[in-house]
$ cat work.cif   # mmCIF, C-alpha atoms
data_start
#
loop_
_atom_site.label_atom_id
_atom_site.label_comp_id
_atom_site.auth_asym_id
_atom_site.auth_seq_id
_atom_site.Cartn_x
_atom_site.Cartn_y
_atom_site.Cartn_z
CA MET A 1 -8.97 -13.14 32.75
CA ALA A 2 -8.38 -12.22 29.12
CA ILE A 3 -10.94 -10.52 26.90
CA GLN A 4 -13.83 -12.86 26.23
CA ASP A 5 -16.06 -13.01 23.15
CA LYS A 6 -19.06 -12.12 25.33
CA THR A 7 -17.65 -8.56 25.68
CA ILE A 8 -17.81 -8.12 21.89
CA PRO A 9 -21.02 -6.53 20.55
CA PRO A 10 -23.02 -8.81 18.22
CA ILE A 11 -22.94 -6.15 15.48
CA PHE A 12 -19.13 -6.36 15.39
CA ILE A 13 -19.26 -10.15 15.09
CA THR A 14 -21.60 -9.75 12.11
CA ARG A 15 -19.35 -7.16 10.48
CA LYS A 16 -16.21 -9.22 11.03
CA SER A 17 -17.86 -12.37 9.66
CA LYS A 18 -18.83 -10.54 6.48
CA ILE A 19 -15.32 -9.14 5.99
CA LEU A 20 -13.66 -12.51 6.55
CA ALA A 21 -16.14 -14.16 4.18
CA ASP A 22 -15.19 -11.67 1.47
CA LEU A 23 -11.50 -12.27 2.13
CA SER A 24 -11.93 -16.04 1.85
CA THR A 25 -12.67 -15.63 -1.87
CA PRO A 26 -10.21 -17.69 -3.97
CA GLU A 27 -7.32 -15.51 -5.13
CA GLU A 28 -8.09 -15.97 -8.82
CA GLN A 29 -11.56 -14.50 -8.14
CA TYR A 30 -10.49 -11.88 -5.61
CA SER A 31 -10.23 -8.21 -6.53
CA ASP A 32 -10.31 -4.88 -4.71
CA ALA A 33 -10.16 -1.20 -5.53
CA SER A 34 -6.40 -0.81 -5.17
CA PRO A 35 -4.07 -0.26 -8.14
CA LYS A 36 -2.69 -3.76 -7.58
CA GLY A 37 -6.15 -5.28 -7.26
CA SER A 38 -5.13 -7.85 -4.66
CA VAL A 39 -3.51 -8.26 -1.25
CA ASP A 40 0.17 -7.42 -0.79
CA GLU A 41 2.30 -10.51 -0.21
CA GLY A 42 4.41 -8.68 2.37
CA ILE A 43 1.51 -8.09 4.76
CA ARG A 44 -0.55 -11.27 4.53
CA ASP A 45 0.95 -12.92 7.63
CA LEU A 46 0.36 -9.79 9.72
CA ILE A 47 -3.24 -9.53 8.50
CA HIS A 48 -3.84 -13.17 9.40
CA ASP A 49 -2.40 -12.65 12.90
CA ILE A 50 -4.69 -9.65 13.46
CA ASN A 51 -7.84 -11.26 12.11
CA VAL A 52 -7.60 -14.29 14.43
CA LEU A 53 -7.65 -11.99 17.47
CA PRO A 54 -11.07 -11.48 19.15
CA GLY A 55 -12.42 -7.97 18.72
CA LEU A 56 -10.18 -7.02 15.76
CA VAL A 57 -10.50 -7.24 11.97
CA THR A 58 -8.64 -5.47 9.17
CA THR A 59 -10.64 -3.44 6.67
CA SER A 60 -7.82 -2.26 4.37
CA SER A 61 -4.06 -2.51 4.16
CA CYS A 62 -0.93 -1.66 2.22
CA ALA A 63 2.46 -3.20 2.98
CA GLY A 64 4.24 -0.09 1.67
CA ARG A 65 4.95 0.86 -1.93
CA ILE A 66 6.92 2.81 -4.48
CA SER A 67 4.72 4.55 -7.01
CA VAL A 68 4.91 7.02 -9.88
CA PHE A 69 1.66 8.89 -10.44
CA LEU A 70 0.57 11.21 -13.25
CA GLU A 71 -1.98 13.72 -12.01
CA GLY A 72 -5.32 13.87 -13.75
CA ARG A 73 -7.21 16.93 -14.86
CA LYS A 74 -10.69 17.93 -13.82
CA ASN A 75 -12.88 19.94 -16.16
CA SER A 76 -12.92 22.73 -13.63
CA ASP A 77 -9.14 23.09 -14.00
CA SER A 78 -9.42 24.10 -17.64
CA SER A 79 -8.43 27.65 -18.52
CA GLU A 80 -11.40 28.05 -20.80
CA GLY A 81 -13.93 30.61 -19.66
CA VAL A 82 -11.56 32.27 -17.17
CA PRO A 83 -12.08 36.05 -17.22
CA GLU A 84 -9.07 38.05 -18.37
CA GLY A 85 -7.11 39.46 -15.47
CA SER A 86 -8.31 36.85 -12.98
CA GLU A 87 -5.86 34.56 -11.18
CA GLN A 88 -4.99 31.54 -13.33
CA ARG A 89 -3.91 28.22 -11.84
CA GLN A 90 -0.40 27.43 -13.08
CA PHE A 91 -0.39 23.77 -12.10
CA VAL A 92 -3.14 21.19 -11.89
CA ALA A 93 -4.29 20.51 -8.34
CA SER A 94 -3.28 17.01 -7.27
CA GLY A 95 -6.25 14.72 -7.75
CA GLY A 96 -7.36 11.66 -5.81
CA LYS A 97 -7.36 8.02 -6.87
CA GLY A 98 -9.97 8.65 -9.53
CA ALA A 99 -8.09 11.49 -11.18
CA GLY A 100 -4.88 10.53 -12.92
CA ARG A 101 -2.95 7.44 -13.89
CA TRP A 102 -0.45 5.15 -12.19
CA LEU A 103 2.72 4.93 -14.27
CA TYR A 104 4.41 2.48 -11.88
CA VAL A 105 3.51 0.70 -8.64
CA SER A 106 5.58 -1.80 -6.64
CA HIS A 107 4.99 -3.13 -3.14
CA GLU A 108 8.54 -4.46 -2.94
CA PRO A 109 11.97 -2.80 -3.18
CA LEU A 110 13.02 -2.06 -6.76
CA ASP A 111 16.14 -4.01 -7.75
CA LEU A 112 18.36 -1.59 -9.64
CA GLU A 113 20.57 -4.47 -10.77
CA GLY A 114 17.68 -6.49 -12.13
CA LEU A 115 16.37 -4.12 -14.80
CA ASP A 116 17.13 -6.50 -17.64
CA ALA A 117 15.80 -5.47 -21.05
CA GLY A 118 17.25 -8.47 -22.88
CA ALA A 119 20.14 -8.74 -25.31
CA GLY A 120 22.54 -7.70 -22.58
CA ARG A 121 20.88 -4.28 -22.15
CA LYS A 122 19.59 -2.84 -18.89
CA ARG A 123 16.40 -0.82 -18.78
CA SER A 124 16.67 2.71 -17.49
CA LEU A 125 14.41 3.96 -14.72
CA HIS A 126 13.01 6.42 -17.25
CA GLU A 127 11.79 3.43 -19.24
CA VAL A 128 10.45 1.66 -16.14
CA PHE A 129 8.49 4.74 -15.07
CA GLY A 130 7.23 5.60 -18.57
CA LEU A 131 9.11 8.90 -18.83
CA VAL A 132 10.74 10.57 -21.82
CA PRO A 133 14.07 12.18 -20.85
CA GLY A 134 13.80 15.97 -20.91
CA ASP A 135 16.16 18.93 -20.71
CA GLY A 136 15.53 19.50 -16.99
CA LYS A 137 13.63 22.73 -17.59
CA PRO A 138 10.23 23.14 -15.92
CA PRO A 139 7.17 23.45 -18.13
CA SER A 140 6.42 26.88 -19.50
CA VAL A 141 3.12 28.46 -18.54
CA ASP A 142 1.26 31.05 -20.59
CA LYS A 143 0.74 33.93 -18.16
CA LYS A 144 -2.43 34.94 -19.99
CA GLY A 145 -3.92 31.56 -19.18
CA ARG A 146 -4.37 30.48 -22.76
CA ARG A 147 -2.62 27.18 -22.18
CA GLN A 148 -3.79 24.39 -19.91
CA ALA A 149 -1.75 23.98 -16.76
CA PRO A 150 0.67 21.03 -16.93
CA ARG A 151 -0.01 17.90 -14.92
CA LEU A 152 2.85 16.84 -12.66
CA VAL A 153 4.38 13.39 -12.24
CA ARG A 154 5.09 12.50 -8.63
CA PHE A 155 7.39 9.82 -7.24
CA HIS A 156 6.21 8.44 -3.89
CA PHE A 157 7.39 6.07 -1.22
CA GLU A 158 4.56 5.28 1.18
CA PRO A 159 5.06 3.15 4.31
CA MET A 160 2.69 0.52 5.64
CA ILE A 161 -0.84 1.57 6.47
CA LEU A 162 -3.49 -0.55 8.16
CA HIS A 163 -7.10 0.11 9.04
CA ILE A 164 -8.28 -2.13 11.87
CA MET A 165 -11.90 -2.23 12.98
CA THR A 166 -12.27 -2.91 16.69
CA ALA A 167 -15.22 -4.13 18.71
CA THR A 168 -14.99 -1.38 21.34
CA LEU A 169 -12.68 1.43 22.43
CA HIS A 170 -11.28 -1.04 24.96
CA HIS A 171 -10.17 -3.28 22.08
CA ALA A 172 -8.74 -0.28 20.23
CA GLN A 173 -6.42 0.67 23.09
CA PRO A 174 -3.77 -2.10 22.61
CA VAL A 175 -3.78 -1.45 18.86
CA LEU A 176 -3.00 2.24 19.35
CA SER A 177 -0.40 1.46 22.00
CA ALA A 178 1.37 -1.09 19.78
CA ALA A 179 1.30 1.27 16.80
CA THR A 180 2.77 4.31 18.54
CA THR A 181 5.49 2.35 20.39
CA SER A 182 6.62 0.59 17.21
CA GLY A 183 7.15 3.76 15.16
CA PHE A 184 3.72 4.45 13.62
CA ARG A 185 3.34 7.71 15.52
CA GLU A 186 0.59 9.25 13.41
CA SER A 187 -1.82 6.42 14.23
CA GLY A 188 -5.24 7.17 15.66
CA LEU A 189 -8.97 6.69 15.29
CA GLN A 190 -9.94 7.12 11.65
CA GLY A 191 -12.89 9.32 12.59
CA LEU A 192 -15.68 9.77 15.07
CA ARG A 193 -18.43 8.72 12.68
CA CYS A 194 -17.66 5.09 13.51
CA LEU A 195 -18.77 5.85 17.09
CA ASP A 196 -22.10 7.31 15.98
CA SER A 197 -23.31 4.41 13.85
CA GLU A 198 -26.99 3.69 14.35
CA LYS A 199 -26.24 -0.05 14.27
CA GLY A 200 -23.57 0.21 16.94
CA PRO A 201 -20.06 1.67 17.23
CA SER A 202 -17.04 -0.10 15.76
CA PRO A 203 -13.98 2.14 16.21
CA VAL A 204 -11.51 1.99 13.31
CA VAL A 205 -7.81 2.50 14.10
CA ALA A 206 -5.55 3.78 11.32
CA VAL A 207 -1.98 2.51 11.79
CA ARG A 208 0.28 4.85 9.85
CA SER A 209 3.53 6.81 9.82
CA ALA A 210 4.18 9.97 7.82
CA GLY A 211 7.82 10.15 8.87
CA LEU A 212 8.93 7.49 6.38
CA ALA A 213 7.02 8.93 3.44
CA LEU A 214 8.93 10.37 0.48
CA GLU A 215 7.62 12.49 -2.41
CA SER A 216 9.31 14.23 -5.30
CA VAL A 217 8.09 15.86 -8.51
CA ILE A 218 10.02 14.15 -11.33
CA GLY A 219 8.18 15.13 -14.51
CA TYR A 220 5.19 16.72 -16.17
CA CYS A 221 2.72 16.26 -18.98
CA GLU A 222 1.32 19.05 -21.13
CA ASP A 223 -1.93 18.00 -22.77
CA SER A 224 -2.62 18.79 -26.37
CA SER A 225 -6.02 20.02 -27.53
CA SER A 226 -6.94 16.43 -28.36
CA ASN A 227 -6.54 15.43 -24.71
CA GLU A 228 -9.05 17.68 -23.02
CA GLY A 229 -11.24 16.63 -20.15
CA ASN A 230 -9.27 14.32 -17.90
CA GLY A 231 -6.25 14.39 -20.17
CA LEU A 232 -6.13 10.61 -20.45
CA GLY A 233 -8.21 9.99 -23.55
CA GLY A 234 -7.56 10.55 -27.22
CA ASN A 235 -3.93 10.64 -28.26
CA GLU A 236 -1.53 9.39 -25.60
CA PRO A 237 0.17 12.40 -23.96
CA VAL A 238 3.96 12.58 -23.72
CA VAL A 239 5.27 12.48 -20.15
CA LYS A 240 8.54 14.37 -19.88
CA SER A 241 11.14 13.93 -17.16
CA LEU A 242 12.49 16.86 -15.14
CA VAL A 243 15.34 14.91 -13.53
CA SER A 244 18.34 12.84 -14.49
CA GLU A 245 18.66 9.04 -14.42
CA GLU A 246 21.04 9.41 -11.47
CA TYR A 247 18.43 11.37 -9.52
CA LEU A 248 15.86 8.61 -10.09
CA GLN A 249 18.41 6.05 -8.92
CA MET A 250 18.92 8.06 -5.72
CA LEU A 251 15.15 8.19 -5.06
CA VAL A 252 14.88 4.43 -5.55
CA ALA A 253 17.88 3.76 -3.28
CA MET A 254 16.34 5.94 -0.56
CA SER A 255 13.00 4.15 -0.94
CA ASN A 256 14.63 0.72 -0.73
CA GLU A 257 16.25 1.74 2.57
CA ARG A 258 12.89 2.91 3.86
CA PHE A 259 11.36 -0.42 2.87
CA SER A 260 13.82 -2.05 5.33
CA VAL A 261 12.87 0.35 8.13
CA ASN A 262 9.20 -0.20 7.27
CA THR A 263 9.64 -3.97 7.60
CA GLU A 264 11.34 -3.60 10.98
CA ARG A 265 8.53 -1.40 12.28
CA LYS A 266 5.91 -3.79 10.93
CA GLU A 267 7.51 -6.68 12.86
CA ARG A 268 7.73 -4.59 16.03
CA PHE A 269 4.05 -3.69 15.66
CA ARG A 270 3.10 -7.35 15.21
CA THR A 271 4.98 -8.42 18.35
CA ALA A 272 3.70 -5.50 20.43
CA LEU A 273 0.10 -6.05 19.33
CA LEU A 274 0.10 -9.78 20.05
CA ASN A 275 1.71 -9.22 23.44
CA GLY A 276 -0.67 -6.36 24.22
CA CYS A 277 -3.78 -8.31 23.31
CA SER A 278 -2.66 -11.35 25.31
CA ASP A 279 -2.02 -9.14 28.36
CA ASN A 280 -5.16 -7.04 28.06
CA GLU A 281 -7.99 -7.79 30.48
CA SER A 282 -11.56 -6.65 30.63
CA THR A 283 -10.74 -5.05 34.01
CA GLY A 284 -7.86 -3.09 32.52
CA SER A 285 -5.17 -4.70 34.71
CA LYS A 286 -2.36 -6.96 33.53
CA PRO A 287 -2.04 -10.60 34.55
CA LYS A 288 1.02 -11.89 36.36
CA GLY A 289 1.97 -14.21 33.52
CA LYS A 290 1.90 -13.62 29.80
CA SER A 291 -0.22 -15.93 27.69
CA LYS A 292 0.11 -15.82 23.92
CA PRO A 293 -2.86 -16.08 21.55
CA PRO A 294 -3.30 -19.28 19.52
CA GLY A 295 -0.82 -19.51 16.65
CA TRP A 296 1.62 -16.95 18.13
CA GLU A 297 5.23 -17.27 16.99
CA ASP A 298 8.36 -15.42 18.02
CA SER A 299 10.35 -13.74 15.24
CA GLU A 300 12.94 -16.54 14.90
CA THR A 301 10.30 -19.27 14.66
CA ARG A 302 8.39 -17.26 12.09
CA LYS A 303 11.54 -16.69 9.98
CA GLU A 304 12.29 -20.41 9.97
CA ARG A 305 8.70 -21.26 9.03
CA MET A 306 8.64 -18.75 6.19
CA ARG A 307 12.01 -19.98 4.89
CA ALA A 308 10.80 -23.59 4.92
CA GLU A 309 7.55 -22.65 3.19
CA GLY A 310 9.47 -20.69 0.57
CA LEU A 311 11.74 -23.65 -0.19
CA MET A 312 8.74 -25.94 -0.44
CA ARG A 313 6.95 -23.58 -2.84
CA LYS A 314 10.10 -23.29 -4.96
CA LYS A 315 10.37 -27.06 -5.23
CA MET A 316 6.69 -27.38 -6.09
CA LEU A 317 7.02 -24.68 -8.75
CA GLU A 318 10.13 -26.31 -10.24
CA SER A 319 8.35 -29.64 -10.26
CA GLN A 320 5.33 -28.09 -11.97
CA VAL A 321 7.51 -26.38 -14.60
CA THR A 322 9.22 -29.68 -15.33
CA HIS A 323 5.83 -31.38 -15.61
CA ASN A 324 4.49 -28.65 -17.87
CA ASN A 325 7.50 -28.88 -20.15
CA GLY A 326 6.83 -32.56 -20.56
CA GLN A 327 3.05 -32.38 -20.88
CA GLY A 328 2.58 -29.08 -22.74
CA SER A 329 0.34 -27.64 -20.03
CA ASP A 330 -0.02 -23.88 -19.80
CA HIS A 331 -1.55 -23.68 -16.31
CA GLU A 332 -0.17 -21.18 -13.82
CA TYR A 333 -0.28 -21.57 -10.05
CA ASP A 334 -0.28 -18.93 -7.32
CA TYR A 335 0.12 -20.20 -3.78
CA GLY A 336 -0.73 -16.88 -2.11
CA ILE A 337 -3.93 -16.58 -0.06
CA PRO A 338 -5.68 -13.19 0.06
CA ALA A 339 -5.86 -11.83 3.59
CA SER A 340 -7.23 -8.30 3.44
CA LEU A 341 -8.22 -5.37 1.27
CA ASP A 342 -5.43 -3.24 -0.16
CA THR A 343 -5.51 0.46 -0.22
#
$ encode --input "work.cif" --output "structure tokens"
Amino acid sequence: MAIQDKTIPPIFITRKSKILADLSTPEEQYSDASPKGSVDEGIRDLIHDINVLPGLVTTSSCAGRISVFLEGRKNSDSSEGVPEGSEQRQFVASGGKGAGRWLYVSHEPLDLEGLDAGAGRKRSLHEVFGLVPGDGKPPSVDKKGRRQAPRLVRFHFEPMILHIMTATLHHAQPVLSAATTSGFRESGLQGLRCLDSEKGPSPVVAVRSAGLALESVIGYCEDSSSNEGNGLGGNEPVVKSLVSEEYLQMLVAMSNERFSVNTERKERFRTALLNGCSDNESTGSKPKGKSKPPGWEDSETRKERMRAEGLMRKKMLESQVTHNNGQGSDHEYDYGIPASLDT
């Protein structure tokens, strides 16, 4: 027989209920700690499919993204107070989410043909990313350490990442199997602390793939004396490009291709996980026949459903725009439903 709810520890049921209650918040009131502040449209269906399965619940997610990030500066990185003759850091160490500033973030491919600036002019990627074209020369560094190290600007493509809390290690097994067989080879347990919880273990599986990731340094920012500390206050610093417009176009084209591969892997993971969970038994053996969980769809049925829903939403939006034009209303409508936290 398939996994039954009675095999799921009560503490997991409590944790899952709390997470799903938070995710049921209306979208206009929902917010999380990600740069976007809400759930990615491209992963909502997958999150829903996971969260209806017994013994599984998502804790954070990202559908994949293109980003341009300006590193921040910590006070400890300042050259002030460094003894003469000691080793001086030439570049600022890359900070975490709290150190720096996002210049651009997109969870969808970037349309190079759609960069319309109006009046028949196309926006350059330098404009989109907030960069000032430079001469291609790297920043100069005072060898005596009298100048603050420049902060770098990094272009990233990051593939899908999911964190899935599981009721037991038995429930984690089909998640790991589906992840590794669908291309997310760096997947694994997030850490062992989740197994040592005083309230009961709830293993967390990180579904991820480093092979699709892309990173390139594309610019830098040298802070003036008025921008000390984290380098983000006072006068706005000038962010200079180190690369050409054609190089940025190449990075975007490569990232758009990786978005396609990322989508294919995401669909393979979804199918493998649903099949694995339907086959999994508490005894560890597979049943003779395959039963699908409630709401399961094959890829063709899902494509048709999503296409029909998209057409319906388009008609509803067009109808609303027509109504607003006639009535003078300024209301906006968003038909998306938040499904998980975004990283």
$ resolve_selection --input "work.cif" --expression "the PyMOL selection byres ((chain A and resi 110-122) around 8)" --output "NGL selection string"
:A and (106 or 108-109 or 123-124 or 249 or 252 or 256)
$ resolve_selection --input "work.cif" --expression "the PyMOL selection byres ((chain A and resi 58-71) around 6)" --output "MDAnalysis selection string"
chainID A and resid 42:43 57 72 94 100:107 151:165 341:343
$ write_last_selection --input "work.cif" --atoms "C-alpha atoms" --output "tab-separated table (two decimals), keeping the file's coordinate frame"
chain	number	residue	atom	x	y	z
A	42	GLY	CA	4.41	-8.68	2.37
A	43	ILE	CA	1.51	-8.09	4.76
A	57	VAL	CA	-10.50	-7.24	11.97
A	72	GLY	CA	-5.32	13.87	-13.75
A	94	SER	CA	-3.28	17.01	-7.27
A	100	GLY	CA	-4.88	10.53	-12.92
A	101	ARG	CA	-2.95	7.44	-13.89
A	102	TRP	CA	-0.45	5.15	-12.19
A	103	LEU	CA	2.72	4.93	-14.27
A	104	TYR	CA	4.41	2.48	-11.88
A	105	VAL	CA	3.51	0.70	-8.64
A	106	SER	CA	5.58	-1.80	-6.64
A	107	HIS	CA	4.99	-3.13	-3.14
A	151	ARG	CA	-0.01	17.90	-14.92
A	152	LEU	CA	2.85	16.84	-12.66
A	153	VAL	CA	4.38	13.39	-12.24
A	154	ARG	CA	5.09	12.50	-8.63
A	155	PHE	CA	7.39	9.82	-7.24
A	156	HIS	CA	6.21	8.44	-3.89
A	157	PHE	CA	7.39	6.07	-1.22
A	158	GLU	CA	4.56	5.28	1.18
A	159	PRO	CA	5.06	3.15	4.31
A	160	MET	CA	2.69	0.52	5.64
A	161	ILE	CA	-0.84	1.57	6.47
A	162	LEU	CA	-3.49	-0.55	8.16
A	163	HIS	CA	-7.10	0.11	9.04
A	164	ILE	CA	-8.28	-2.13	11.87
A	165	MET	CA	-11.90	-2.23	12.98
A	341	LEU	CA	-8.22	-5.37	1.27
A	342	ASP	CA	-5.43	-3.24	-0.16
A	343	THR	CA	-5.51	0.46	-0.22
$ residues_around --input "work.cif" --residues "Thr166 (chain A)" --least-positions-apart "6" --cutoff "12 Å" --atoms "only C-alpha atoms" --output "VMD selection string"
chain A and resid 7 to 9 11 to 13 15 to 16 50 to 51 53 to 59 172 to 176 189 to 190 194 to 195 200 to 206
$ residues_around --input "work.cif" --residues "region 258-271 of chain A" --least-positions-apart "4" --cutoff "8 Å" --atoms "all atoms listed in the file" --output "PyMOL selection string"
chain A and resi 46+49+64+108-109+159-160+178-179+181-184+212+254+275+298-299
$ closest_residue --input "work.cif" --among "A:Leu192, A:Gly276, A:Gly136, A:Pro237" --to "Val217 (chain A)" --atoms "all atoms listed in the file"
A:Gly136
$ atom_distance --input "work.cif" --atom1 "CA of Ala272 (chain A)" --atom2 "CA of Asp40 (chain A)"
21.6 Å
$ atom_distance --input "work.cif" --atom1 "CA of Arg208 (chain A)" --atom2 "CA of Met250 (chain A)"
24.5 Å
